[in-house]
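What follows is a set of notes on a single structure, which appears directly below.
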Amino acid sequence: MKCSKAAADNRGFSLLLVLIMMSAVTIGLVMLTRSAFKGENFSKNEVTVARMNVVAKALGQYYLGHRNLPGPGANSRVPVARLSLQAKYGLDGWGKFLHYNYDSISSLRGISVDGKAVAAVLASSGSNQEIEAATRPGNGTIYLDVGNDDILMPVTLQSEAVALATTTLHNLARKTCSYICVNGESVLDDDDLDATDAMGALDGDGFTGGLSQVGLFLEFSLNTATYAIDPWGNSYQWLGDSSLPANSFRSLGPDGVVSGDDIIVGARTTLVACGCSFPPPLSLFTFEANQIQGNIITVKTPYGESIGTLEGDTSVVAYQTGADYDGPPTSSAGEYAVYFDGNHDYIIMDQPPYFVLDEDFTLSAWFKTTGVLNQYAKVISRRIGSYKYYFLGSKGNSGTTRCDNGGVAHPYGGVLGGQDDYNMGGHQTSTRTIISMPCGEWHHVAVVFDHELAGSSLSIYYDGILQEIRSGLPVSAPNDEDIKLTIGADSGGGSGFFQGWIDNAALFDEALTGEQIISVMDRSE
């Protein structure tokens, strides 16, 4: 009996122990599951924040390049394609779409996150996968962190905006010298900037009404969104010669009032200060909006306007901005160049006597070769027949080669006044440098003809450096008034087609010196 009772007691104790152990295991599993769930959520939080940081950085880069932010995708999603991001960066750690909202009026202050005015916001709905109503109430621009599981990330862009404003003011200051040099003015007056106050009246003592769209703006076709309004939606200002600081461009900075966060850049306003060492060009092709309307181009000369047309599908394209800037080093993002596809694209001007360069002359341009390298491609040309011409061109090695097939081109130029010159030995009046121009790179080339130097000479400069000179030439420049000037081709558009980009093509009726060539190259606008 005692043995049976002891055995029963042992079985009861064992059963109780098993139950206790099973309960402990169950509790442990629950705790482990909860811990794993918390760990998983913590990990997903980290993934979400990391992806938000990548998106925020991409938004900053986009803003630097475009001066605005991209709009949201469908249902307020992150526009990953426009930001050049992989699709995963539009999702949070739980695989749900991130919410994105931005300041559509570009003041960088249109979104409120916990009372702070910012440019944009990124939001994740967190583990419960629902953005709480308190986070995004009412008009959809006010975001509050009310202790829920939503993850909010404000995007400020203030450092990017300051960088943009500073760059713009430096560009404006640089253009004052270009304006003086190109127009031959001894002093830049306030009215050259059309410095008007808020009521539209001229204020020679400086003004605070903003820069208007004539004067300097008209000369260079400055874009209003870029050069008139700062990133915070306020007008850039010109401080005249009796202001403090005098002769300066100013942005009022993030706070929009005169204060310590103002951004101020001084400008040189005299011919001497700017160091203009070259005469005004006879004609300057900037290809900005003030020169081109549709397929019509209008170019100023000291004697009047010259009208021309863009033939073929010649296209005028703005330089890209930010890290993708693709223009010459002396120009700025948002300005323009002209692209020729090498297939009967060219610009042809009418034939007033403005382009008759019958004695000394200089031709200069920034250009970049792409694709096909025609053996006799012309950048600037004025030719009729075989015996009358002057030109600046890009000469391929032989026949027609391609950039992607090892082809190279060399800058070259030529001049011939007629068949008499040719018969006297003037047929060797073209010259080319041994320098090979890399495809896809901007370079400045100038051709200088001096009819008195060593019995007439023809020189070629590459990026401001004299590379070749041919002297003792028994030639003169053609003086016929009926020869049309062509950009991007030869013989009035009949041959010599150029493929690539051309900007700031200029003609001078003087033989510029090497120092002047450098000055032209550095200040081409």
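Each chain in the structure tokens gets a letter, A, B and so on, in the order shown; residues start at 1 in every chain, and ligands are counted from 1 in the order they appear.
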
Hey, what's within 7 Å of region 435-452 of chain A if we count only C-alpha atoms and toss same-chain stuff fewer than 6 positions away? As an mmCIF file with N, CA and C atoms, in the first residue's frame, please?
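Done, and the output landed in around_22.cif:
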```cif
data_model
loop_
_atom_site.group_PDB
_atom_site.id
_atom_site.type_symbol
_atom_site.label_atom_id
_atom_site.label_comp_id
_atom_site.auth_asym_id
_atom_site.auth_seq_id
_atom_site.Cartn_x
_atom_site.Cartn_y
_atom_site.Cartn_z
ATOM 1 N N PRO A 328 30.459 75.243 -71.366
ATOM 2 C CA PRO A 328 31.837 75.713 -71.253
ATOM 3 C C PRO A 328 32.127 76.233 -69.848
ATOM 4 N N GLU A 359 40.376 93.328 -93.841
ATOM 5 C CA GLU A 359 41.758 93.544 -93.402
ATOM 6 C C GLU A 359 42.046 92.589 -92.255
ATOM 7 N N ASP A 360 42.308 93.107 -91.065
ATOM 8 C CA ASP A 360 42.562 92.227 -89.929
ATOM 9 C C ASP A 360 41.243 91.688 -89.378
ATOM 10 N N PHE A 361 41.293 90.481 -88.822
ATOM 11 C CA PHE A 361 40.094 89.953 -88.168
ATOM 12 C C PHE A 361 40.479 88.849 -87.192
ATOM 13 N N THR A 362 39.535 88.533 -86.310
ATOM 14 C CA THR A 362 39.651 87.404 -85.378
ATOM 15 C C THR A 362 38.319 86.681 -85.340
ATOM 16 N N LEU A 363 38.348 85.375 -85.430
ATOM 17 C CA LEU A 363 37.178 84.515 -85.257
ATOM 18 C C LEU A 363 37.417 83.670 -84.010
ATOM 19 N N SER A 364 36.435 83.557 -83.149
ATOM 20 C CA SER A 364 36.620 82.738 -81.946
ATOM 21 C C SER A 364 35.313 82.059 -81.574
ATOM 22 N N ALA A 365 35.420 80.940 -80.884
ATOM 23 C CA ALA A 365 34.227 80.213 -80.442
ATOM 24 C C ALA A 365 34.626 79.148 -79.427
ATOM 25 N N TRP A 366 33.666 78.821 -78.568
ATOM 26 C CA TRP A 366 33.735 77.601 -77.774
ATOM 27 C C TRP A 366 32.997 76.524 -78.566
ATOM 28 N N PHE A 367 33.562 75.337 -78.695
ATOM 29 C CA PHE A 367 32.807 74.264 -79.332
ATOM 30 C C PHE A 367 33.249 72.898 -78.815
ATOM 31 N N LYS A 368 32.368 71.926 -79.029
ATOM 32 C CA LYS A 368 32.567 70.558 -78.545
ATOM 33 C C LYS A 368 32.132 69.598 -79.646
ATOM 34 N N THR A 369 33.052 68.744 -80.112
ATOM 35 C CA THR A 369 32.734 67.806 -81.182
ATOM 36 C C THR A 369 32.092 66.544 -80.626
ATOM 37 N N THR A 370 31.132 65.996 -81.375
ATOM 38 C CA THR A 370 30.489 64.726 -81.012
ATOM 39 C C THR A 370 30.221 63.940 -82.285
ATOM 40 N N LEU A 392 36.723 79.381 -89.417
ATOM 41 C CA LEU A 392 37.232 78.673 -88.243
ATOM 42 C C LEU A 392 36.552 77.321 -88.256
ATOM 43 N N CYS A 403 33.820 59.796 -83.516
ATOM 44 C CA CYS A 403 34.417 59.857 -82.176
ATOM 45 C C CYS A 403 34.512 58.473 -81.552
ATOM 46 N N VAL A 408 39.859 61.603 -84.511
ATOM 47 C CA VAL A 408 40.261 62.831 -83.835
ATOM 48 C C VAL A 408 40.099 63.993 -84.796
ATOM 49 N N ALA A 409 39.974 65.186 -84.255
ATOM 50 C CA ALA A 409 39.847 66.399 -85.059
ATOM 51 C C ALA A 409 40.839 67.431 -84.555
ATOM 52 N N HIS A 410 41.166 68.369 -85.420
ATOM 53 C CA HIS A 410 42.112 69.423 -85.086
ATOM 54 C C HIS A 410 41.495 70.779 -85.423
ATOM 55 N N PRO A 411 41.636 71.773 -84.554
ATOM 56 C CA PRO A 411 41.148 73.116 -84.877
ATOM 57 C C PRO A 411 41.933 73.670 -86.065
ATOM 58 N N GLY A 413 41.878 76.966 -89.428
ATOM 59 C CA GLY A 413 41.271 78.155 -89.989
ATOM 60 C C GLY A 413 41.886 78.486 -91.324
ATOM 61 N N LEU A 458 48.499 84.171 -90.444
ATOM 62 C CA LEU A 458 47.302 83.506 -89.933
ATOM 63 C C LEU A 458 47.721 82.670 -88.733
ATOM 64 N N SER A 459 47.102 82.925 -87.598
ATOM 65 C CA SER A 459 47.462 82.241 -86.347
ATOM 66 C C SER A 459 46.257 81.509 -85.799
ATOM 67 N N ILE A 460 46.519 80.445 -85.044
ATOM 68 C CA ILE A 460 45.437 79.709 -84.402
ATOM 69 C C ILE A 460 45.780 79.504 -82.932
ATOM 70 N N TYR A 461 44.802 79.807 -82.077
ATOM 71 C CA TYR A 461 44.938 79.676 -80.625
ATOM 72 C C TYR A 461 43.994 78.578 -80.140
ATOM 73 N N TYR A 462 44.507 77.737 -79.247
ATOM 74 C CA TYR A 462 43.723 76.641 -78.674
ATOM 75 C C TYR A 462 43.722 76.812 -77.162
ATOM 76 N N ASP A 463 42.529 77.057 -76.599
ATOM 77 C CA ASP A 463 42.381 77.332 -75.168
ATOM 78 C C ASP A 463 43.323 78.453 -74.725
ATOM 79 N N SER A 476 44.687 88.563 -98.884
ATOM 80 C CA SER A 476 43.846 89.488 -98.130
ATOM 81 C C SER A 476 42.533 88.771 -97.848
ATOM 82 N N ALA A 511 42.918 92.211 -85.338
ATOM 83 C CA ALA A 511 43.765 91.050 -85.034
ATOM 84 C C ALA A 511 44.087 91.100 -83.543
ATOM 85 N N LEU A 512 43.383 90.305 -82.762
ATOM 86 C CA LEU A 512 43.583 90.328 -81.313
ATOM 87 C C LEU A 512 44.938 89.740 -80.950
ATOM 88 N N MET A 521 38.347 84.533 -74.096
ATOM 89 C CA MET A 521 38.023 83.172 -73.667
ATOM 90 C C MET A 521 37.465 83.168 -72.248
#
```

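Of the listed residues A:Phe249, A:Phe355, A:Phe498, A:Tyr389, the one whose atoms come nearest to Ser235 (chain A) is A:Phe249, with distances taken using only C-alpha atoms.
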
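Take the candidates A:Ser124, A:Leu108, A:Ala173, A:Ile131 and check each one against Ser159 (chain A) using only C-alpha atoms; the shortest distance goes to A:Leu108.
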
(request) Do a neighbour search on Gly266 (chain A) at 8 Å with only C-alpha atoms, toss out local chain neighbours closer than 2 positions, and write the hits as a VMD selection string. (result) chain A and resid 173 245 to 249 264 268

(request) Fewer than 2 positions away in the same chain doesn't count, so skip those; otherwise give me all residues within 7 Å of Gly417 (chain A), counting only C-alpha atoms, as a PyMOL selection string. (result) chain A and resi 387-389+415+421+475-478

Could you write those residues out with C-alpha atoms, as a tab-separated table (two decimals), in the first residue's frame?
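Generated output (selection.tsv):
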```
chain	number	residue	atom	x	y	z
A	387	TYR	CA	38.78	81.30	-103.85
A	388	LYS	CA	36.98	83.60	-101.42
A	389	TYR	CA	36.56	82.68	-97.79
A	415	VAL	CA	41.51	82.96	-95.42
A	421	ASP	CA	45.61	85.49	-104.23
A	475	VAL	CA	46.57	87.20	-99.36
A	476	SER	CA	43.85	89.49	-98.13
A	477	ALA	CA	40.41	88.75	-96.71
A	478	PRO	CA	37.43	88.66	-99.10
```

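Non-sequential neighbours of Pro70 (chain A) (distance at most 8 Å, separation of 4 or more positions within a chain, only C-alpha atoms) are A:Leu59, A:Tyr62, A:Pro79, A:Arg82.
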